[in-house]
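Input: a single structure, listed below in structure tokens.
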Amino acid sequence: MTTKNNGGIVIEIDERIAVTSAEQQFEAYCSECKKMTQMATPKTAGVIAEISEREVFRLIEGKVVHFIENARVLVCVESLRNHKANSNTTSG
């Protein structure tokens, strides 16, 4: 929840996003993790990590997170969570 104070007026924003489609997450082999792991589309990965889909693509392009590319791009959720945990500990 975000609270903004705008000249005496307090605005609270509570945003929730639900991913309901089972087609957005898969189990697949990650060659970097060297194991079967949860894979997600970039859009779903962004929701999981609370970042934009574009930021997920930046992480992919920068080789920061693991991914596979066949008929579609799938992001290794474990590597994304590890990146997020590492960035939270180094920024705080």
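The way I read the labels, and the way they are meant: chains A, B, ... in the order of the structure tokens, residue 1 as the first residue of every chain, and ligand 1 as the first ligand shown, with later ones counted on from there.
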Checklist entry - Hey, what's within 9 Å of Ser79 (chain A) if we count only C-alpha atoms and toss same-chain stuff fewer than 4 positions away? As an NGL selection string, please? => result :A and (33 or 64-67 or 75 or 83-84)
Can you write just those residues out, N, CA and C atoms, as a PDB file, in the first residue's frame?
```
ATOM      1  N   CYS A  33      20.328 -23.388 -13.793  1.00  0.00           N
ATOM      2  CA  CYS A  33      20.111 -23.965 -12.459  1.00  0.00           C
ATOM      3  C   CYS A  33      20.451 -25.451 -12.443  1.00  0.00           C
ATOM      4  N   VAL A  64      20.724 -11.425 -16.556  1.00  0.00           N
ATOM      5  CA  VAL A  64      20.631 -11.379 -15.094  1.00  0.00           C
ATOM      6  C   VAL A  64      19.778 -12.531 -14.579  1.00  0.00           C
ATOM      7  N   VAL A  65      18.758 -12.900 -15.342  1.00  0.00           N
ATOM      8  CA  VAL A  65      17.893 -14.021 -14.968  1.00  0.00           C
ATOM      9  C   VAL A  65      17.989 -15.090 -16.044  1.00  0.00           C
ATOM     10  N   HIS A  66      17.700 -16.318 -15.656  1.00  0.00           N
ATOM     11  CA  HIS A  66      17.740 -17.449 -16.586  1.00  0.00           C
ATOM     12  C   HIS A  66      16.447 -17.472 -17.391  1.00  0.00           C
ATOM     13  N   PHE A  67      16.539 -17.944 -18.621  1.00  0.00           N
ATOM     14  CA  PHE A  67      15.349 -18.042 -19.457  1.00  0.00           C
ATOM     15  C   PHE A  67      15.567 -19.100 -20.533  1.00  0.00           C
ATOM     16  N   VAL A  75      10.763 -17.422 -18.335  1.00  0.00           N
ATOM     17  CA  VAL A  75      11.752 -16.966 -17.363  1.00  0.00           C
ATOM     18  C   VAL A  75      11.793 -17.940 -16.191  1.00  0.00           C
ATOM     19  N   HIS A  83      17.445 -12.996  -7.830  1.00  0.00           N
ATOM     20  CA  HIS A  83      17.876 -11.647  -8.208  1.00  0.00           C
ATOM     21  C   HIS A  83      17.184 -10.605  -7.351  1.00  0.00           C
ATOM     22  N   LYS A  84      15.880 -10.770  -7.161  1.00  0.00           N
ATOM     23  CA  LYS A  84      15.126  -9.806  -6.363  1.00  0.00           C
ATOM     24  C   LYS A  84      15.612  -9.802  -4.908  1.00  0.00           C
TER      25      LYS A  84
END
```
Test item: residues at most 8 Å from Ala28 (chain A), only C-alpha atoms, excluding those fewer than 3 positions along its chain, as a PDB file with C-alpha atoms, in the first residue's frame:
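Everything below was put into result.pdb:
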```
ATOM      1  CA  MET A  36      13.586 -28.691 -13.231  1.00  0.00           C
ATOM      2  CA  THR A  37      12.175 -25.381 -12.086  1.00  0.00           C
ATOM      3  CA  GLN A  38       9.117 -23.164 -12.394  1.00  0.00           C
ATOM      4  CA  MET A  39       9.119 -21.093 -15.587  1.00  0.00           C
TER       5      MET A  39
END
```
Next on the checklist: Residues within 12 Å of Ile51 (chain A), please, as a list of chain:residue names. Count only C-alpha atoms; anything in the same chain fewer than 4 positions from it doesn't count.
Outcome noted: A:Ile17, A:Pro42, A:Lys43, A:Thr44, A:Ala45, A:Gly46, A:Val47, A:Glu55, A:Val56, A:Phe57, A:Arg58, A:Leu59, A:Leu80, A:Arg81, A:Lys84
Checklist entry - Which residue gives the smallest distance to Val73 (chain A) among A:Tyr29, A:Thr41, A:Gly8, A:Glu50, with only C-alpha atoms counted? => result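 The shortest atom-to-atom distance to Val73 (chain A) comes from A:Thr41.
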Item to check | strand (DSSP E or B) per DSSP on the backbone: members of region 3-90 of chain A, as a PyMOL selection string | outcome: chain A and resi 3-6+9-13+25-30+35-40+67-69+73-76
Those residues with C-alpha atoms, as a tab-separated table (two decimals), in the first residue's frame please?
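The resulting out33.tsv:
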```tsv
chain	number	residue	atom	x	y	z
A	3	THR	CA	0.39	6.55	0.95
A	4	LYS	CA	0.91	10.01	-0.56
A	5	ASN	CA	0.45	13.28	1.25
A	6	ASN	CA	-0.61	15.93	-1.24
A	9	ILE	CA	-5.02	15.30	1.41
A	10	VAL	CA	-3.95	11.72	2.07
A	11	ILE	CA	-4.33	9.33	-0.84
A	12	GLU	CA	-3.99	5.59	-0.24
A	13	ILE	CA	-3.48	3.27	-3.16
A	25	GLN	CA	3.50	-20.96	-15.61
A	26	PHE	CA	5.28	-24.16	-16.53
A	27	GLU	CA	7.79	-26.58	-15.10
A	28	ALA	CA	10.82	-26.95	-17.35
A	29	TYR	CA	14.53	-27.70	-17.17
A	30	CYS	CA	16.71	-24.65	-16.51
A	35	LYS	CA	17.30	-28.71	-12.56
A	36	MET	CA	13.59	-28.69	-13.23
A	37	THR	CA	12.17	-25.38	-12.09
A	38	GLN	CA	9.12	-23.16	-12.39
A	39	MET	CA	9.12	-21.09	-15.59
A	40	ALA	CA	6.78	-18.21	-16.32
A	67	PHE	CA	15.35	-18.04	-19.46
A	68	ILE	CA	14.53	-20.39	-22.30
A	69	GLU	CA	13.28	-19.41	-25.71
A	73	VAL	CA	10.14	-16.82	-23.87
A	74	LEU	CA	9.95	-18.37	-20.39
A	75	VAL	CA	11.75	-16.97	-17.36
A	76	CYS	CA	13.19	-19.10	-14.56
```
